[in-house]
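Working notes, structure below.
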Amino acid sequence: MGGAAAVAVLIAAAVASAGPALGLRLRGRHREPRGGTGALTAAAAGGEACGGLRGVPAALGNSTHQCIFDDLSSSVSLSWVGDSTGVILSFGQSKLYRSEDYGKTFVDISGLINNTFIRTEFGVAIGPGNSGKVILTGDVSAGSRGGRIFRSMDFARNFIQTDLPFQPLVQLSYSPRDPDCLLALSTENGLWVSRDFGHTWVLIHRAVCLAKWGSDGTIFFTTFLNNSCTDLGFLELKKTSDFGSSFKVLGTRIYSFGLGGRFLFASVMIEKGPRRRIHVSLDQGESWNMAQLPSVGHEQFYSILAANEDLVFMHVDEPGDTGFGTIYTSDDRGIVYSKSLERHLYTTTGGETDFTNVTSLRGIFITSVLSEDNSIQSVITFDRGGQWVPLRKPKNATCDSTARSKDECSLHIHASYSISQKLNVPMAPLSEPNAVGIVIAHGSVGGAISVMPPDVYISDDGGYTWARMLEGPHHYSILDSGGLIVAVKHSSQPINTIEFSTDEGQCWYRYLFSKEPIFFTGLASEPGARSMAVSVWGFRGSFFRKWVSYTIDFSELLSRTCEDKDYTIWLAHSSDPGDPSDGCILGYKEQYRRLRKSSVCRNGRDYVVTKQPSVCPCTLQDFLCDFGYYRPANQSVCVEQPELKGHDLEFCLHGRRELLRTSGYRKIPGDKCSGGESPAREETDMKKKCTSTLLSPSPLAAPRSPAAAVLAVGTALLLTAAIAVLLVKKYVCGGRFLVQRYSVLQQHAEANDAESIDVLSPPAPAKPGYHDDSDEDLLE
């Protein structure tokens, strides 16, 4: 970031959407503060007293900074400019504010954009890395022929007004290789590119439905042939590697396409019948292989849940309105797939899936399944989908009434589906790559997910064990690479306290940051979890809102930089220290240098996660079930799929038919084990050609009655609501709508006062997901 590397930049610009846009974070069992601003109480997660920190009120009182904004808008939008720089926030569209000290003070710079209103749905586009580039898209009148943007190349210190020769349909997109190169899709389906950071624009193609940058600067896009992007299955997939000087048709009969890791995916219509198949390319569309996955019909869909350089998680929807499907995991070519998890919850009601990547430790994912009795339960995998198991019951929690036994139950995590159903869940699960092992999530403990207000649980070992951290729903954030966790109670009433922990949620301190409470709207902390500061956002006044933020810097409280004595060596994935293979996951062990819970110090911005890997001998745990095999529930042995028993296992690879002879196992992509067990597996070339012609660039006839599909946009999971209040103890999911189960469980509830996806048609930016009655493939 040049000379501004140590400067935090915040920009504020207003939006006029309904309700607060900031959302996020937590609550505990603590006594109320006794005094005014700066008063402090402390308690452990179990309720007993705890201490250790001294001088908290004075240290935080001197480091709490209030900002009052003279604006009456209904919501606030924040965007951070670069790494270790700052935030853009918006008020009332015409207000633009900037901070250079991490939100402690702001300057109104609305004059730099001539007090222009900023678009609510995609008004801010931040350049990659520390490029310092910012583009604001103005909200011009509907009758205007072109749009208007404001460009900054110096972290929003100055802006240049530029009028566009088109109206943008979606947010402008930066090239991953060169932030000066931009692409845009217009409301008239034109594909525009700029090579000088938006100063000049060139129309390179018409009739474009969706466009994406490849990792090397290639542009991939689909075009329609019959005047409509709703002609799914009759689109063409093209690419250009020279900004539109030349084009190459990669395939026809395209339904949708997506990029993930080094893979290019296309959902392609089969020539006979309304079904389609996934094709995958490893050379940017020059050659294709048909993925060994089931074909899907009109009412089904594919969804890429996760993809990196050597593994793909693919959800395949079940026929009918079941609300679930099957997760398949790929080999390192993205071609051969194996069943990983059946009855995976992925509703057609709102396109919700709870699939969550735990980023604080490798190989771990959490999701939900729809059981036979239609209740929803959480499962976790520690080996990239090799085996899924229930989450262990937290050590300091009791089983609720959804459990069959008071002694046997498990933890169930609230994620996107719960949020979409308007349960009292303010945040999805949270983990950070540099906060090793830490996972924070709302959950319930019982036989299935409960609709009662959840508590907040924490794991310090990647999800193997859990403990209740705070009682009731909260907003939460991880700071200082896990050395600090902050939380604010989720409440409809005004608040003036923030809670924080320096020992991974064991002991909580409560700090009164203001004498006058505010209606809380969200926590804001710099992405990356390295900051020592957090901002509490909210407003005062019920009719005329006055926005206010309190930025609390913990640097003075945790002033001592951590030393070697403050760290300990921790073996990840450890469950049996006496076992020589203890900690072996995906073929190797990893020992991390982690901060001791008892250490009261700060990691600092320069903290780097250090680990020492060691290779393990191979065991069956290093192998997935092979093509044609699967692991039954709660079993570790791979068995043959009943429908394939007695049949040769054949698949197509690079245009040649291959015969697979297997004992049921194949090595997990990315597994580094050496020696040990090695189940037999052999692929034999059968000397038969099997090239798929489904993507053949040949002329297509228009469909007589194309089915219109309403398609959604986004890169994140859905966070919108579908159902208001449920007075039951379990979710019951059936067909397109949530079914309410009324029984004796209702009495218990009453007694307790009871969201990665491509655009194939004009998008709905606020909802990144799958709409009811649509059948698009969610390729990301």
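Chain labels follow the order of the structure tokens: the first chain is A, the next B, and so on; residue numbering restarts at 1 in every chain, and ligands are counted from 1 in their shown order.
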
**OP:** Using DSSP on the backbone coordinates, identify the residues of region 233-272 of chain A assigned to strand (DSSP E or B); present them as a list in words.
**Re:**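 In region 233-272 of chain A, DSSP puts these residues in strand (DSSP E or B): Leu235, Glu236, Leu237, Lys238, Lys239, Thr240, Lys248, Val249, Leu250, Gly251, Thr252, Arg253, Ile254, Tyr255, Ser256, Phe257, Gly258, Leu259, Gly260, Phe263, Leu264, Phe265, Ala266, Ser267, Val268 and Met269 of chain A.
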
**OP:** Pick out the residues sitting within 8 Å of Phe355 (chain A), and hand them over as a ChimeraX atom specification; count only C-alpha atoms, and ignore anything fewer than 6 positions along from it in its own chain.
**Re:** /A:305,365-368

Resulting file, chosen residues, N, CA, C and O atoms, as a CSV table (one decimal), in the first residue's frame:
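That gives us selection37.csv:
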chain,number,residue,atom,x,y,z
A,305,LEU,N,-20.5,-26.6,-3.7
A,305,LEU,CA,-20.5,-26.2,-2.4
A,305,LEU,C,-19.1,-25.6,-2.0
A,305,LEU,O,-19.0,-24.6,-1.3
A,365,PHE,N,-15.5,-29.4,7.6
A,365,PHE,CA,-16.8,-28.8,7.1
A,365,PHE,C,-17.9,-29.2,8.0
A,365,PHE,O,-17.9,-30.4,8.5
A,366,ILE,N,-18.9,-28.3,8.2
A,366,ILE,CA,-20.1,-28.6,8.9
A,366,ILE,C,-21.3,-28.4,8.1
A,366,ILE,O,-21.3,-27.4,7.3
A,367,THR,N,-22.3,-29.2,8.1
A,367,THR,CA,-23.5,-29.0,7.4
A,367,THR,C,-24.7,-29.7,8.1
A,367,THR,O,-24.5,-30.2,9.2
A,368,SER,N,-25.9,-29.6,7.5
A,368,SER,CA,-27.1,-30.2,8.1
A,368,SER,C,-27.7,-31.3,7.2
A,368,SER,O,-27.6,-31.2,5.9

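Within region 496-646 of chain A, residues classed as helix (DSSP H, G or I) by DSSP on backbone coordinates are A:Asp564, A:Lys565, A:Asp566, A:Leu620, A:Gln621, A:Asp622, A:Pro642, A:Glu643, A:Leu644.
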
Residues as selected, N, CA, C and O atoms, written as an mmCIF file, in the first residue's frame, can you do that?
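This is the output file out.cif:
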data_model
loop_
_atom_site.group_PDB
_atom_site.id
_atom_site.type_symbol
_atom_site.label_atom_id
_atom_site.label_comp_id
_atom_site.auth_asym_id
_atom_site.auth_seq_id
_atom_site.Cartn_x
_atom_site.Cartn_y
_atom_site.Cartn_z
ATOM 1 N N ASP A 564 7.705 -15.669 23.710
ATOM 2 C CA ASP A 564 7.745 -17.127 23.532
ATOM 3 C C ASP A 564 7.067 -17.859 24.680
ATOM 4 O O ASP A 564 6.396 -18.881 24.484
ATOM 5 N N LYS A 565 7.225 -17.359 25.896
ATOM 6 C CA LYS A 565 6.635 -18.033 27.063
ATOM 7 C C LYS A 565 5.117 -18.029 27.033
ATOM 8 O O LYS A 565 4.469 -18.804 27.747
ATOM 9 N N ASP A 566 4.535 -17.163 26.231
ATOM 10 C CA ASP A 566 3.073 -17.074 26.154
ATOM 11 C C ASP A 566 2.469 -18.087 25.194
ATOM 12 O O ASP A 566 1.243 -18.200 25.106
ATOM 13 N N LEU A 620 -6.908 -46.679 6.126
ATOM 14 C CA LEU A 620 -8.162 -46.524 5.384
ATOM 15 C C LEU A 620 -8.778 -45.143 5.585
ATOM 16 O O LEU A 620 -9.588 -44.694 4.770
ATOM 17 N N GLN A 621 -8.395 -44.447 6.658
ATOM 18 C CA GLN A 621 -8.912 -43.111 6.889
ATOM 19 C C GLN A 621 -8.374 -42.109 5.871
ATOM 20 O O GLN A 621 -8.887 -40.989 5.771
ATOM 21 N N ASP A 622 -7.354 -42.501 5.134
ATOM 22 C CA ASP A 622 -6.796 -41.620 4.101
ATOM 23 C C ASP A 622 -7.468 -41.829 2.753
ATOM 24 O O ASP A 622 -7.015 -41.255 1.744
ATOM 25 N N PRO A 642 -25.915 -50.284 -4.208
ATOM 26 C CA PRO A 642 -26.766 -51.407 -4.619
ATOM 27 C C PRO A 642 -27.081 -51.410 -6.109
ATOM 28 O O PRO A 642 -27.083 -52.467 -6.741
ATOM 29 N N GLU A 643 -27.303 -50.236 -6.680
ATOM 30 C CA GLU A 643 -27.690 -50.187 -8.092
ATOM 31 C C GLU A 643 -26.547 -50.529 -9.031
ATOM 32 O O GLU A 643 -26.763 -50.749 -10.234
ATOM 33 N N LEU A 644 -25.294 -50.597 -8.516
ATOM 34 C CA LEU A 644 -24.138 -50.891 -9.370
ATOM 35 C C LEU A 644 -23.549 -52.267 -9.113
ATOM 36 O O LEU A 644 -22.556 -52.633 -9.749
#

Original post:
If you count only C-alpha atoms, which residues fall within 8 Å of Arg666 (chain A), apart from same-chain ones fewer than 6 positions away, as a PyMOL selection string?
Top reply: chain A and resi 623-626+679+681

Subject >> Proximity to Ser186 (chain A) - best of A:Gly482, A:Gly258, A:Gly147, A:Gly217, only C-alpha atoms >> reply: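 Answer, going by the shortest atom-to-atom distance: A:Gly147.
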
**OP:** Tell me, as a ChimeraX atom specification, which residues lie within 6 Å of Gly447 (chain A), counting only C-alpha atoms; anything in the same chain fewer than 3 positions away does not count.
**Re:** /A:402-403,409

Now that the selection is made, can you save its residues with N, CA and C atoms as a PDB file, in the first residue's frame?
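Generated file (again25.pdb):
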ATOM      1  N   THR A 402     -35.775 -32.205  22.612  1.00  0.00           N
ATOM      2  CA  THR A 402     -35.765 -32.894  21.314  1.00  0.00           C
ATOM      3  C   THR A 402     -34.983 -34.198  21.379  1.00  0.00           C
ATOM      4  N   ALA A 403     -34.240 -34.414  22.470  1.00  0.00           N
ATOM      5  CA  ALA A 403     -33.421 -35.619  22.598  1.00  0.00           C
ATOM      6  C   ALA A 403     -34.264 -36.782  23.110  1.00  0.00           C
ATOM      7  N   CYS A 409     -27.140 -37.052  23.335  1.00  0.00           N
ATOM      8  CA  CYS A 409     -27.579 -36.069  22.346  1.00  0.00           C
ATOM      9  C   CYS A 409     -26.335 -35.433  21.748  1.00  0.00           C
TER      10      CYS A 409
END

**OP:** Tell me which protein, DNA and RNA residues are within 10 Å of Lys104 (chain A), counting only C-alpha atoms, leaving out same-chain ones fewer than 5 positions away, and put them as a VMD selection string.
**Re:** chain A and resid 8 10 63 to 67 99 533 to 535 549 to 553

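Nearest-residue note for Ala306 (chain A): choosing from A:Ser477, A:Ser173, A:Ser431, A:Ser330, the minimum distance belongs to A:Ser330, counting only C-alpha atoms.
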
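Between CA of Ser371 (chain A) and CA of Pro426 (chain A) the interatomic distance comes to 25.1 Å.
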